[in-house]
Structures are given as C-alpha cells and as structure tokens.
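Asker: Right, I'll just put the structure down here and ask away after.
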Amino acid sequence: MTFTLKSAATGALMACAVAVGADVAGVAPADAKTLRMAYDADPVSLDPQEQLSGGTLEMAHMVFDPLVRFTQDMAFEPRLAESWERIDDTTMRFHLREGVTFHSGNPFTAEDVVFTFNRMKKSPDFKGLFEPFEAAKAIDDYTVDLITTEPYPLVLNMATYIFPMDKEFYTGTDENGKPKDIIIKHGDAFATSHESGTGPFVVTAREQGVRVEFTRFADYWDTESPGNVTEIIFTPIKEDPTRVASLLSGGVDYIKPVPPNDLERLGNDPNVNLVTMGGTRIITLQMNQKRVEAFKDPRVRQAIVYAINNAGIVDKIMKGFGTVAGQQSAPGMVGYNPDLTPRYDLAKAKALMKEAGYEDGFSVTMMTPNNRYVNDAKIAEAVAAMLARINIKVDLTTLPKAQYWPEFDVRAADIMMIGWHADTEDSANYTEFLTMTPNADTGFGQYNAGNYSNPKVDEMILQSQTMVDLEARAALLQDVERILYDDAAFVPLHWQNLSWAARKGVHIEDIVNVMDFPYLGDLVIDD
Amino acid sequence: MAFVAFLIKRLLQAVLVMFVISLIGFSIQDNLGDPLRELVGQSVSEAQREAMRDELGLNDPFLVQYGRFLGKAVQGDLGRSYFFKRPVLDVIGDKFPATADLVLGATLIIVLVSVPLGCWCAIRPRHWLSRIAMGASIIGISIPVFLTAIFLIYLFSVNLGWLASFGRGEHLVEIAPGWTTGFLTLDGLSHLILPSIALSSIMMPLFIRLIRSEMMEILEQDYIKFAWAKGLAARRVWFLHAFKNTLLPVITVGGVQIGTMLAYTILTESVFQWPGLGFMFIEAVTRVDTPLIIGYIIVVGLIFVVTNTVVDLIYTMVNPTVRLMGAAR
C-alpha cells in the first residue's frame, strides 16, 4: 500500500499518519525504533529529479535506491544493480537485482530504469550531468545498457544518481489533468508530493518546512541491511543554537550540520556521538583578469596566494573545522596531487609584488556571500586584512547569497568567492566549472569569475572526458592541478569539513560519507 | 450610522494601504535576489535559467508584471509560492494559527505581569519589589530577543529539561477547520511557554514603565485627591478611578505595539523553529520566494489596519468622551 499525499488535504494527511502510527505499533511494538532527526533544511520535493541539491539526494537515499552507491572509502557498492560490465567503449551493462518491489507494490524491472533515465534527460537540473549519455536500453527484464556518445570514464559515478522510479506509478495523469511524470520547478506536480521508490523508507506524512514522517518499508529488498530504524520523524531546524540545544535536551536524536563553535562542546559531551570528516567542497577566491590589469601577471596572482595565510584561517576562523587546501581536488579524489601543498610566505609575496612592479600595491574590489559558506564573511575580512600587508587595498562587500549570485553572474567585483562541490565526485568537474575558459555555448567556465584562460588546461580536461584508462586519466588530472597551482589560477582556501552528531547509541559513524548523504536505511540504534 | 461610516472609511484605508504596499513590494523585488538560483542546482546553465525566467514571466516589463499581479489580486489570488508550490494565501492561512498562538501567549503574559507590576510600582515606588522590577526592565529592554530566547532554551530545556526547545509539539487541538492551537494540551503548552516568554520580553518592560508612569501621574491629579478626601477605600481609588484612566494611553500604545510584536515574531519564530508567519517570512526572504514575501507584507498591512480599527473601537468603550473619527460631533 502506498500513501499518496496531497499537501492541501491536511485532514487526509493526518488520517494517514494516524493509521500508519497504529499500524507500526500493532505489528512490532517491541522492535519499534524511532529516529527523531533535525537537519538545517528539509527536502524541497519528493521527486528525486526535480532539484540537484544535497537535500534532494539525502531524501533520495531514504525513499529510493540508486543503481550503485559510494561506500565510505569512495568505492562503488551494488544496490539495485547487482553487477556491471563494460561491453564496449561506449556501453556499460548493468545486471539488476531481482525480486525488488516499489512502495506501490509494483515489481522493479529494467523498464523502470529506462523510464527513470529518460526522465532524467528531461530534468533541467540533471540533464547537464547526463549530457554524455545517449540512451538507456532494456536488454531483458533485469539487464539494462547505458550507452554514451563517446567513451566516458564516469558511468558509474553517474549511476549513483539514477534512483529508479516506479514507471507504472508515475505514468498517466493526475487529478488536474497533468502528466504524473512532469517536472515543474515552481508549481504543483504529482511527483513533488507523491512517491513510489524502492528505498528503505516510505513517506507517511509531510508538511513542508515543518516535518516529514517516514516508516520502514515492510517489503524492503535489502534484508541484510543492519538498519533497525522503523520510523523517522524529520524536523528541519534552521538556527544552529536551537538545533544543538534540541540534541542536548533530548528533543531529537540526530542532527546535521554541527556549527563549528559547538564542535568542542559536543565532542567532550559523554552522551553525544560526534562524527566529523574532511569534505570535498573547496572554497576559493577568483581574481578577475578582465577587470584588473595586474591580475594578468602570474606573479601578482602568486603573490596573493602567498600572502593569504589559509592555514591561519582554518585554525582561527574555522576552529580547525576545515582542511587547508593548495588545489581544487580534495585528498582521495583522482586528481589530488600530494605535491601541491598550501603556501603562505609573506616575504615571498612581497618579493613577487616587487618583481612584478607593484611594490606600492593597488586597490581592488572584493565581493563574497555572507550566508552561503561556513564563516564566509569572516574569511573575507581576514583575507582583506592579509592583502593589505602586500599593499593591496581591498574594498570588501559581503551580501546574502540571494543577492550575491546575480552579482556573481555579472562578475561585479575584482575578487569573488566561490565554493564548489563536484557533483560527479570527480576532479575534472572543478576545472570544468571554475577554471576552464568561459564559453557560453559549451557551458564550461560557467563559474570562472577570474576569467583565467589556459588552452592547455582546456585541452587536457576535454581529453580527460573520454579517457577510460583511469590511471592515465588520474595522472592527467593531477597535471592539470599542477598547472593551475603554478599559474596561481585562483586562491585555494580550504575544503569545508562535514559534521554530524547524535546521542550515544545512535551509530551514525557507520552510515555517513563524504558526499553527506547519510544512508539512514542502514542506521543502527542500540537498545 | 457614524459607526458604519467609520468602518467604511477604514475599509477604504485598508485597500489603499494594501495597494501601496503591493506597489512597494513589487518595485523592490528585483533587489531581493534571483529566485531561479533557489529553484535550480548550482551547475544548471545560465541559458536554462533564462528559459525558466521567461516561463515565470520575470523578464516582462515592470508594469506588465504588476498589472498581471493586480488583476489576479483583486480576485483574491496573490500568486503561488515558489517554495511551497501552493497559492500564497493558502500557505499564509496554514501558518497563521501558529503565530496567533504565539502572539496570544505573549499578550497574556504581558497583560498578566505588566498590569499588576506597573500598578504596584506606581502605588509603592520605593518598595523593594518596585526597585527590582524597574531594574530588571532596564536589562530586559536592552537584551536582544535572540539572546533571551537562547538563554531560555539552555536553562529550561537543556539544563532543567522541563520545556521543549523547538516547534509546536505533536498534540495540537483543532478548534476550527485548519486552525490548531497548542493551548489545550500539556504538550502544546510546554512548547508554547518559552517562545511566548521570549516574545513578551520585548514589550514587557515598556508596558511596566508605561503603566507605572501614567498611573503615578494620575495619582497626583486633583480628582484623585478629592477621592481620598471623600474617604473612599484605597482599592476603589486605585483600581476604579486611577487605573481606568491609566488604560487610555496604554491601549493606544498597545495597538501600535501589536505591529512591533509581529515584527519580533520573525526573530522568535526563527530561534524556536516555530512554524508560523514570521519564520515563513524570513525563510521566504532567504529563498527569494517573492510571491510569498509580497503576500506576507500585504497581509501584515491588513492586520495593522484591522488592529488599529479594533483599538479605536475599544478606546471609545473605555472612554465615552472620545468619539470615533469622522463621527458627528
């Protein structure tokens, strides 16, 4: 039985919730384990293809299952695909798990994967990521081929985004006469408020921005999962101090994220299970060469990198809750080059400025958001002070993210801040968006507000996109990082860390990962 | 007749106020940020976003957009929230009961504490309790509501574990279709107490001081002296003759302050994750949910006009010598 919800029909919704509550209590009162959790926001939709965002993917890992997923050490783990093999340069064959049922009761087959793939190609948010793919083809009920136009090295990375949706359930029209599979970003759509996935949890009630209730799916295929949570009550709590207080007062069992200021306190609390991990979101500053003549000189850019004490920023401003960076790719990613260490050396910075003929410095404008990245505005202030030491006077403006992005789009300042997480979990993605030559037709360099342009880098990244020899590809991507480093194409600051906290006995350490999509289906809570 | 004329006049005022507000709201919406950024992922191309902007009609000239908005608004349709994907008025209607609970709770606390305390401070200005109340009100007026709220949460829910720290609780009672209240269950009350105190903390000192100074002034007046001279009982002098006249300025200020209170619900509701209008509004601002932002300010404008009208009506009841504006003299 699938619970379909309509947000307007609150009465019916309450009835559902009550019915389910009674159901769970009736079946297994002894084993019932409820997880009350609080993130900073709740998912915007129940449609896994509506918005490419962390919130959507967190939800998708609860209500749906991907074909494959990343383990904690970034290896691929079979989920709805049991195994896979490369048939030729452009085809990857997936063998699907048998005996899997959707929340609606419909059986899961290759047709559902094809349906999901085709819908993905139509989703404004996801179609960019699936650009290299030509088609998904069902070979038989439990075999499906993913075909790319060119040889493509990241087929498995992309398969982590394929959360098969129930074809039968999402086919037809809803009561408003709209197709059930339609994706509407700013209006009501069937898939936004109804779900039928194969995942460990069924959504039983949802009041957007207030709470979502989940119950464990009785027919969940993964009977080997250690997870023992039978019910989840998810409340978004936006304010950091309130979220922490709710955990400490026992109002909730599990929170994310933990504000840096509370890390020490929660870490020392014997009743709290705090888990932190280095993340892959790089925070950088871009120096606009189109706006500032001096930024065309690599020595000036290097001087700026040398003048910024990013280790000090991590230490003092981030309270150690970040990893100092010298490049884009985080440790553990294929393009990570261990030789490229952070460089802070004020004397060298001054010497470089002198060499470039800018000993007396110059004035620049700088713009950063103030509510997008952890401590973004404080970091910007520190950077402005550090640049003053090499006689670069910074006129700093910080803006809320809603106003920042339109400014970023028109490159409104000489130095701008941008943080990036690779949706593909692959190193090339950083360069494609941040440091390749901006090109409106291909979309490369969409977030390159420095206007850094190096044909060599562009060529290497394009080459990497079709290399299926993963070792050679890794070496190539590490060389790209080296060139960007030597050129001082941008200022790397740090990778933001990730944090989760739960009460003792809630074993979140086993289910969290560097993508920050906790696999709550596998969560174990002690008796 | 005068009463009807008064109401009609107020109604016209309300329409005018809402029209002006909608115009201002509409003209600033471009400065709020780009709503598309909140609707799509970061890696979505500019061309894709531009296409969606067209689809939403955001690229149309200002007057076209505003005309479209007004045309729908007169039919009671303020558009759809980008985030909730539902009509703006439905969303506001859903959130309103939570804010009403909170404002009612805070008002009750303010009235129950500031009236007796203010009177006491006027009657016994040198008493130790009066000195404490005056001192505390100085501190109270200077601490931001955000800090008060966090302090309350840490004291009463983290350390003592007595009261809930966020939300409205699970056991709410539906008193009218779609209208729930937390006043009727223990769970609901345990969630209501802290936010209500936090919200009342803003207004409390003002009212204590206002009542005290008004009453002190009145106690000095000749008719009070005559009352004493007549040998009336102290209670009768204080509470019938003096207090009733103290109320007049208090009601005026109170009416104005309800507006301020609504503004402070934004802060209080964010700290307590209270699912009401204030929290909805601040979230809408960060998400650049323009239809919801404009809808909110129009509704709040309406609330202002309505409360002021009600205050004026109460005023005439308390003091019959005051006539309604526009009434025949």
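Just remember, in the structure tokens the first chain shown is A, the second B, etc., residues are 1-based per chain, and ligands are 1-based in the order shown.
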Considering only C-alpha atoms, extract the chain B residues located within 9 Å of chain A and return them as a PyMOL selection string.

Answerer: chain B and resi 31-35+37-49+52+56+80-86+90+150+153-154+157-161+164-167+177-178+270-275+280+285-288

Asker: What does the file look like for those residues with N, CA and C atoms, as a short mmCIF file (atom, residue, chain, number, x, y, z; two decimals), in the first residue's frame?

Answerer:
data_model
loop_
_atom_site.label_atom_id
_atom_site.label_comp_id
_atom_site.auth_asym_id
_atom_site.auth_seq_id
_atom_site.Cartn_x
_atom_site.Cartn_y
_atom_site.Cartn_z
N ASN B 31 15.49 43.67 -6.23
CA ASN B 31 16.66 43.80 -5.36
C ASN B 31 16.75 42.68 -4.34
N LEU B 32 15.75 41.81 -4.30
CA LEU B 32 15.77 40.75 -3.30
C LEU B 32 16.69 39.61 -3.70
N GLY B 33 17.01 39.54 -4.98
CA GLY B 33 17.87 38.46 -5.44
C GLY B 33 17.19 37.73 -6.58
N ASP B 34 17.83 36.66 -7.01
CA ASP B 34 17.33 35.91 -8.16
C ASP B 34 16.64 34.63 -7.69
N PRO B 35 15.31 34.55 -7.83
CA PRO B 35 14.60 33.37 -7.32
C PRO B 35 15.04 32.08 -8.03
N ARG B 37 17.90 31.01 -8.72
CA ARG B 37 19.04 30.41 -8.04
C ARG B 37 18.61 29.42 -6.97
N GLU B 38 17.45 29.71 -6.37
CA GLU B 38 16.98 28.85 -5.29
C GLU B 38 16.18 27.68 -5.84
N LEU B 39 15.78 27.77 -7.10
CA LEU B 39 14.95 26.70 -7.67
C LEU B 39 15.77 25.63 -8.35
N VAL B 40 16.98 25.98 -8.78
CA VAL B 40 17.77 25.00 -9.54
C VAL B 40 19.11 24.77 -8.86
N GLY B 41 19.77 23.69 -9.24
CA GLY B 41 21.10 23.38 -8.71
C GLY B 41 22.13 24.34 -9.26
N GLN B 42 23.31 24.31 -8.63
CA GLN B 42 24.33 25.30 -8.98
C GLN B 42 24.89 25.09 -10.39
N SER B 43 24.90 23.85 -10.86
CA SER B 43 25.56 23.61 -12.14
C SER B 43 24.63 23.77 -13.33
N VAL B 44 23.36 24.18 -13.07
CA VAL B 44 22.43 24.39 -14.18
C VAL B 44 22.86 25.61 -14.99
N SER B 45 22.79 25.50 -16.31
CA SER B 45 23.36 26.55 -17.16
C SER B 45 22.53 27.83 -17.12
N GLU B 46 23.19 28.92 -17.46
CA GLU B 46 22.55 30.23 -17.48
C GLU B 46 21.39 30.23 -18.49
N ALA B 47 21.59 29.56 -19.62
CA ALA B 47 20.55 29.53 -20.66
C ALA B 47 19.28 28.85 -20.12
N GLN B 48 19.50 27.77 -19.39
CA GLN B 48 18.39 27.05 -18.80
C GLN B 48 17.62 27.93 -17.81
N ARG B 49 18.39 28.67 -17.02
CA ARG B 49 17.77 29.55 -16.03
C ARG B 49 17.00 30.67 -16.73
N MET B 52 13.69 29.49 -17.89
CA MET B 52 12.72 29.38 -16.80
C MET B 52 12.23 30.75 -16.35
N LEU B 56 8.39 32.00 -16.17
CA LEU B 56 7.76 32.58 -14.98
C LEU B 56 7.30 34.01 -15.23
N ARG B 80 1.52 32.12 -6.55
CA ARG B 80 1.95 30.87 -5.96
C ARG B 80 3.34 31.01 -5.37
N SER B 81 3.53 30.43 -4.20
CA SER B 81 4.86 30.43 -3.59
C SER B 81 5.77 29.52 -4.40
N TYR B 82 6.98 29.99 -4.70
CA TYR B 82 7.94 29.15 -5.44
C TYR B 82 8.32 27.93 -4.62
N PHE B 83 8.49 28.12 -3.33
CA PHE B 83 8.98 27.03 -2.49
C PHE B 83 7.88 26.05 -2.13
N PHE B 84 6.75 26.55 -1.67
CA PHE B 84 5.68 25.65 -1.23
C PHE B 84 4.85 25.14 -2.41
N LYS B 85 4.99 25.82 -3.55
CA LYS B 85 4.27 25.42 -4.77
C LYS B 85 2.77 25.44 -4.58
N ARG B 86 2.30 26.29 -3.70
CA ARG B 86 0.86 26.39 -3.44
C ARG B 86 0.49 27.86 -3.42
N ASP B 90 -3.05 30.36 0.77
CA ASP B 90 -3.19 29.07 1.46
C ASP B 90 -2.03 28.87 2.43
N ILE B 150 17.74 32.12 23.41
CA ILE B 150 18.78 31.09 23.55
C ILE B 150 19.00 30.79 25.04
N ILE B 153 16.22 28.65 26.30
CA ILE B 153 16.34 27.27 25.81
C ILE B 153 17.38 26.51 26.64
N TYR B 154 18.55 27.15 26.85
CA TYR B 154 19.59 26.45 27.58
C TYR B 154 19.21 26.20 29.03
N SER B 157 15.31 23.97 28.75
CA SER B 157 15.20 22.68 28.08
C SER B 157 16.48 21.87 28.12
N VAL B 158 17.65 22.52 28.01
CA VAL B 158 18.88 21.72 28.05
C VAL B 158 19.25 21.36 29.48
N ASN B 159 19.32 22.37 30.37
CA ASN B 159 19.78 22.07 31.73
C ASN B 159 18.70 21.46 32.61
N LEU B 160 17.53 22.05 32.62
CA LEU B 160 16.49 21.54 33.51
C LEU B 160 15.62 20.48 32.84
N GLY B 161 15.54 20.53 31.52
CA GLY B 161 14.76 19.52 30.80
C GLY B 161 13.26 19.63 31.04
N ALA B 164 10.01 22.12 26.07
CA ALA B 164 10.51 21.78 24.73
C ALA B 164 11.27 22.96 24.14
N SER B 165 12.24 22.66 23.28
CA SER B 165 13.09 23.72 22.77
C SER B 165 12.71 24.18 21.37
N PHE B 166 11.91 23.41 20.64
CA PHE B 166 11.59 23.86 19.27
C PHE B 166 10.23 23.34 18.85
N GLY B 167 9.63 24.00 17.87
CA GLY B 167 8.39 23.53 17.26
C GLY B 167 7.16 23.73 18.14
N PRO B 177 -11.77 24.26 11.37
CA PRO B 177 -11.10 23.57 10.26
C PRO B 177 -9.79 24.26 9.89
N GLY B 178 -8.68 23.53 9.95
CA GLY B 178 -7.39 24.08 9.59
C GLY B 178 -6.79 24.99 10.64
N SER B 270 12.13 32.17 14.39
CA SER B 270 13.32 31.52 13.81
C SER B 270 14.09 30.76 14.88
N VAL B 271 14.24 31.37 16.05
CA VAL B 271 15.02 30.70 17.08
C VAL B 271 14.34 29.41 17.52
N PHE B 272 13.02 29.44 17.66
CA PHE B 272 12.32 28.27 18.17
C PHE B 272 11.79 27.36 17.07
N GLN B 273 12.18 27.62 15.83
CA GLN B 273 11.68 26.83 14.71
C GLN B 273 10.16 26.72 14.80
N TRP B 274 9.53 27.84 15.07
CA TRP B 274 8.08 27.90 15.25
C TRP B 274 7.43 28.04 13.87
N PRO B 275 6.58 27.08 13.49
CA PRO B 275 6.10 27.09 12.10
C PRO B 275 5.03 28.14 11.83
N MET B 280 8.16 31.76 8.37
CA MET B 280 7.88 31.60 6.95
C MET B 280 8.44 32.79 6.17
N VAL B 285 12.46 35.18 2.50
CA VAL B 285 13.45 36.18 2.09
C VAL B 285 14.75 35.50 1.68
N THR B 286 15.21 34.51 2.46
CA THR B 286 16.46 33.86 2.08
C THR B 286 16.29 33.04 0.80
N ARG B 287 15.07 32.56 0.55
CA ARG B 287 14.86 31.77 -0.66
C ARG B 287 14.41 32.62 -1.84
N VAL B 288 14.30 33.94 -1.65
CA VAL B 288 13.81 34.85 -2.68
C VAL B 288 12.46 34.36 -3.23
#

Asker: How would you write, as a compact mmCIF listing (two decimals) with C-alpha atoms, in the first residue's frame, the set of residues in region 259-356 of chain A that DSSP gives as strand (DSSP E)?

Answerer:
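See result_8.txt below for the written result:
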# COMPACT_ATOMS: atom_id res chain seq x y z
CA VAL A 272 26.98 12.68 22.34
CA ASN A 273 28.34 10.76 19.38
CA LEU A 274 30.08 13.40 17.24
CA VAL A 275 31.37 12.42 13.80
CA THR A 276 33.41 14.72 11.57
CA MET A 277 35.02 14.12 8.22
CA GLY A 278 37.07 16.11 5.71
CA GLY A 279 34.78 17.27 2.92
CA THR A 280 35.30 17.95 -0.78
CA ARG A 281 33.72 21.41 -1.06
CA ILE A 282 36.61 23.71 -1.93
CA ILE A 283 36.38 27.40 -1.01
CA THR A 284 38.29 29.62 -3.41
CA LEU A 285 38.81 33.24 -4.39
CA GLN A 286 38.96 34.18 -8.05
CA MET A 287 41.00 37.13 -9.32
CA GLY A 322 38.27 22.59 7.53
CA THR A 323 41.25 21.17 5.66
CA VAL A 324 43.82 23.67 4.34

Asker: Would you pick out the contacts of region 191-201 of chain B at 6 Å or less, using only C-alpha atoms, so that residues sharing its chain but fewer than 2 positions from it are not included, and give the list as a list in words?

Answerer: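 Listing them by chain and then by number gives Leu102, Gly105, Ala106, Ile110, Ala149, Ala164, Arg168, Gly188, Leu189, Met203 and Met204 of chain B.
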
Asker: For the selection you just gave me, I'd like the residues written to a file as an mmCIF file, in the first residue's frame, keeping C-alpha atoms.

Answerer:
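That gives us result-v7.cif:
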data_model
loop_
_atom_site.group_PDB
_atom_site.id
_atom_site.type_symbol
_atom_site.label_atom_id
_atom_site.label_comp_id
_atom_site.auth_asym_id
_atom_site.auth_seq_id
_atom_site.Cartn_x
_atom_site.Cartn_y
_atom_site.Cartn_z
ATOM 1 C CA LEU B 102 2.345 32.773 19.973
ATOM 2 C CA GLY B 105 0.545 33.644 24.630
ATOM 3 C CA ALA B 106 2.851 36.653 24.715
ATOM 4 C CA ILE B 110 2.372 40.840 29.126
ATOM 5 C CA ALA B 149 15.488 33.000 23.603
ATOM 6 C CA ALA B 164 10.506 21.784 24.733
ATOM 7 C CA ARG B 168 4.754 23.398 18.349
ATOM 8 C CA GLY B 188 1.282 22.135 23.303
ATOM 9 C CA LEU B 189 1.731 24.345 26.359
ATOM 10 C CA MET B 203 7.247 44.525 25.160
ATOM 11 C CA MET B 204 7.100 43.779 28.872
#

Asker: Find the spatial neighbours of region 131-145 of chain A, counting only C-alpha atoms, within a cut-off of 6 Å - ignore same-chain residues fewer than 2 positions away - and output them as a ChimeraX atom specification.

Answerer: /A:92-96,109-110,114,127-129,147-149

Asker: Any chance you could export the current selection's C-alpha atoms as a short mmCIF file (atom, residue, chain, number, x, y, z; two decimals), in the first residue's frame?

Answerer:
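Writing the result to again-v6.cif gives the following:
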data_model
loop_
_atom_site.label_atom_id
_atom_site.label_comp_id
_atom_site.auth_asym_id
_atom_site.auth_seq_id
_atom_site.Cartn_x
_atom_site.Cartn_y
_atom_site.Cartn_z
CA MET A 92 28.11 -0.32 -19.76
CA ARG A 93 25.81 -3.25 -18.96
CA PHE A 94 24.05 -3.39 -15.60
CA HIS A 95 22.54 -6.60 -14.19
CA LEU A 96 19.64 -5.64 -11.96
CA THR A 109 12.41 -4.12 -13.76
CA ALA A 110 14.72 -2.74 -16.44
CA VAL A 114 14.84 3.21 -18.78
CA LYS A 127 20.22 16.79 -17.97
CA GLY A 128 23.53 18.64 -17.91
CA LEU A 129 25.11 15.86 -15.88
CA ILE A 147 25.16 3.96 -23.78
CA THR A 148 27.32 7.06 -24.04
CA THR A 149 28.06 9.06 -27.18
#

Asker: Just the helix (DSSP H, G or I) stuff from region 80-151 of chain A, please, per backbone DSSP, written as a list of chain:residue names.

Answerer: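 Written out, the helix (DSSP H, G or I) residues of region 80-151 of chain A are A:Ala110, A:Glu111, A:Asp112, A:Val113, A:Val114, A:Phe115, A:Thr116, A:Phe117, A:Asn118, A:Arg119, A:Met120, A:Lys121, A:Lys122.
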
Asker: Quick one: write out the picked residues with N, CA and C atoms as a CSV table (one decimal), in the first residue's frame?

Answerer:
chain,number,residue,atom,x,y,z
A,110,ALA,N,13.9,-3.6,-15.6
A,110,ALA,CA,14.7,-2.7,-16.4
A,110,ALA,C,13.9,-1.6,-17.1
A,111,GLU,N,12.6,-1.8,-17.3
A,111,GLU,CA,11.8,-0.8,-17.9
A,111,GLU,C,11.8,0.5,-17.0
A,112,ASP,N,11.8,0.2,-15.7
A,112,ASP,CA,11.8,1.4,-14.7
A,112,ASP,C,13.0,2.2,-14.8
A,113,VAL,N,14.2,1.5,-15.1
A,113,VAL,CA,15.4,2.2,-15.2
A,113,VAL,C,15.4,3.0,-16.4
A,114,VAL,N,14.9,2.5,-17.5
A,114,VAL,CA,14.8,3.2,-18.8
A,114,VAL,C,13.9,4.4,-18.6
A,115,PHE,N,12.8,4.2,-18.0
A,115,PHE,CA,11.9,5.3,-17.7
A,115,PHE,C,12.6,6.4,-16.9
A,116,THR,N,13.3,6.0,-15.8
A,116,THR,CA,14.0,7.0,-15.0
A,116,THR,C,15.0,7.7,-15.7
A,117,PHE,N,15.8,7.0,-16.5
A,117,PHE,CA,16.9,7.6,-17.3
A,117,PHE,C,16.3,8.7,-18.3
A,118,ASN,N,15.2,8.3,-19.0
A,118,ASN,CA,14.6,9.2,-20.0
A,118,ASN,C,14.1,10.5,-19.3
A,119,ARG,N,13.5,10.3,-18.1
A,119,ARG,CA,13.0,11.4,-17.4
A,119,ARG,C,14.1,12.4,-16.9
A,120,MET,N,15.3,11.7,-16.5
A,120,MET,CA,16.4,12.4,-16.1
A,120,MET,C,16.9,13.4,-17.2
A,121,LYS,N,16.9,12.8,-18.4
A,121,LYS,CA,17.4,13.6,-19.6
A,121,LYS,C,16.5,14.8,-19.8
A,122,LYS,N,15.3,14.8,-19.3
A,122,LYS,CA,14.4,16.0,-19.4
A,122,LYS,C,14.4,16.9,-18.3

Asker: Quick check, in Å to one decimal: how far apart do CA of Asp479 (chain A) and CA of Gly332 (chain A) lie?

Answerer: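 Atom-to-atom, CA of Asp479 (chain A) to CA of Gly332 (chain A), that is 15.7 Å.
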
Asker: For Gly199 (chain A), which of A:Val512, A:Val63, A:Val229, A:Ala502 is the closest residue, counting only C-alpha atoms?

Answerer: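 Going through A:Val512, A:Val63, A:Val229, A:Ala502 one by one, the smallest distance to Gly199 (chain A) is for A:Val63.
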
Asker: For a test of reading the model, state the distance in Å between CA of Ala489 (chain A) and CA of Asp395 (chain A), rounded to one decimal.

Answerer: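 Separation of CA of Ala489 (chain A) and CA of Asp395 (chain A): 21.3 Å.
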
Asker: Just the residues within 12 Å of Lys354 (chain A), please, counting only C-alpha atoms, with nothing from its chain fewer than 3 positions along; format it as number ranges by chain.

Answerer: A: 299-300, 303, 347-351, 357-361, 390-391

Asker: Excluding same-chain residues fewer than 3 positions from Gly118 (chain B), what lies within 9 Å of it counting only C-alpha atoms, as a VMD selection string?

Answerer: chain B and resid 113 to 115 121 to 123 130 133 207 to 213 215

Asker: If you keep N, CA and C atoms, can you produce a file of those selected residues as a PDB file, in the first residue's frame?

Answerer:
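Saved as out-v3.pdb:
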ATOM      1  N   VAL B 113       1.389  40.174  33.708  1.00  0.00           N
ATOM      2  CA  VAL B 113       2.531  40.610  34.506  1.00  0.00           C
ATOM      3  C   VAL B 113       2.623  42.127  34.585  1.00  0.00           C
ATOM      4  N   SER B 114       2.467  42.810  33.435  1.00  0.00           N
ATOM      5  CA  SER B 114       2.762  44.239  33.450  1.00  0.00           C
ATOM      6  C   SER B 114       1.690  45.053  34.163  1.00  0.00           C
ATOM      7  N   VAL B 115       0.437  44.628  34.099  1.00  0.00           N
ATOM      8  CA  VAL B 115      -0.615  45.413  34.757  1.00  0.00           C
ATOM      9  C   VAL B 115      -0.432  45.422  36.287  1.00  0.00           C
ATOM     10  N   CYS B 121       4.251  49.337  41.135  1.00  0.00           N
ATOM     11  CA  CYS B 121       5.387  50.264  41.086  1.00  0.00           C
ATOM     12  C   CYS B 121       4.917  51.713  41.239  1.00  0.00           C
ATOM     13  N   ALA B 122       3.682  52.005  40.780  1.00  0.00           N
ATOM     14  CA  ALA B 122       3.173  53.364  40.896  1.00  0.00           C
ATOM     15  C   ALA B 122       2.708  53.648  42.317  1.00  0.00           C
ATOM     16  N   ILE B 123       2.069  52.622  42.914  1.00  0.00           N
ATOM     17  CA  ILE B 123       1.495  52.828  44.239  1.00  0.00           C
ATOM     18  C   ILE B 123       2.577  52.805  45.315  1.00  0.00           C
ATOM     19  N   SER B 130       9.381  47.049  43.641  1.00  0.00           N
ATOM     20  CA  SER B 130       9.326  48.055  42.581  1.00  0.00           C
ATOM     21  C   SER B 130      10.715  48.334  42.034  1.00  0.00           C
ATOM     22  N   ALA B 133      11.774  45.483  39.885  1.00  0.00           N
ATOM     23  CA  ALA B 133      11.043  45.475  38.614  1.00  0.00           C
ATOM     24  C   ALA B 133      11.593  46.539  37.671  1.00  0.00           C
ATOM     25  N   PHE B 207       5.703  48.180  28.811  1.00  0.00           N
ATOM     26  CA  PHE B 207       4.376  48.286  29.416  1.00  0.00           C
ATOM     27  C   PHE B 207       4.450  48.526  30.921  1.00  0.00           C
ATOM     28  N   ILE B 208       5.384  47.850  31.583  1.00  0.00           N
ATOM     29  CA  ILE B 208       5.511  48.087  33.019  1.00  0.00           C
ATOM     30  C   ILE B 208       5.795  49.566  33.265  1.00  0.00           C
ATOM     31  N   ARG B 209       6.734  50.103  32.517  1.00  0.00           N
ATOM     32  CA  ARG B 209       7.124  51.506  32.710  1.00  0.00           C
ATOM     33  C   ARG B 209       6.011  52.473  32.314  1.00  0.00           C
ATOM     34  N   LEU B 210       5.328  52.119  31.251  1.00  0.00           N
ATOM     35  CA  LEU B 210       4.251  52.986  30.778  1.00  0.00           C
ATOM     36  C   LEU B 210       3.128  53.048  31.819  1.00  0.00           C
ATOM     37  N   ILE B 211       2.709  51.864  32.289  1.00  0.00           N
ATOM     38  CA  ILE B 211       1.622  51.823  33.257  1.00  0.00           C
ATOM     39  C   ILE B 211       2.033  52.546  34.529  1.00  0.00           C
ATOM     40  N   ARG B 212       3.279  52.323  34.951  1.00  0.00           N
ATOM     41  CA  ARG B 212       3.765  52.960  36.173  1.00  0.00           C
ATOM     42  C   ARG B 212       3.716  54.480  36.040  1.00  0.00           C
ATOM     43  N   SER B 213       4.284  55.001  34.959  1.00  0.00           N
ATOM     44  CA  SER B 213       4.385  56.460  34.879  1.00  0.00           C
ATOM     45  C   SER B 213       3.021  57.100  34.677  1.00  0.00           C
ATOM     46  N   MET B 215       0.187  55.927  35.740  1.00  0.00           N
ATOM     47  CA  MET B 215      -0.590  55.830  36.963  1.00  0.00           C
ATOM     48  C   MET B 215      -0.062  56.810  38.013  1.00  0.00           C
TER      49      MET B 215
END

Asker: Residues within 10 Å of Phe108 (chain A), please, as number ranges by chain. Count only C-alpha atoms; anything in the same chain fewer than 4 positions from it doesn't count.

Answerer: A: 80, 96-102, 112-113, 141-142, 164-167, 197-198

Asker: So which one's closest to Pro249 (chain B), B:Asn319, B:Gln75, B:Ser137, B:Thr185? Using only C-alpha atoms, please.

Answerer: B:Asn319

Asker: Would you please work out which residue, of B:Ile314, B:Glu55, B:Ile298, B:Val103, is nearest to Thr260 (chain B) when using only C-alpha atoms?

Answerer: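 For Thr260 (chain B), the nearest of the candidates is B:Val103.
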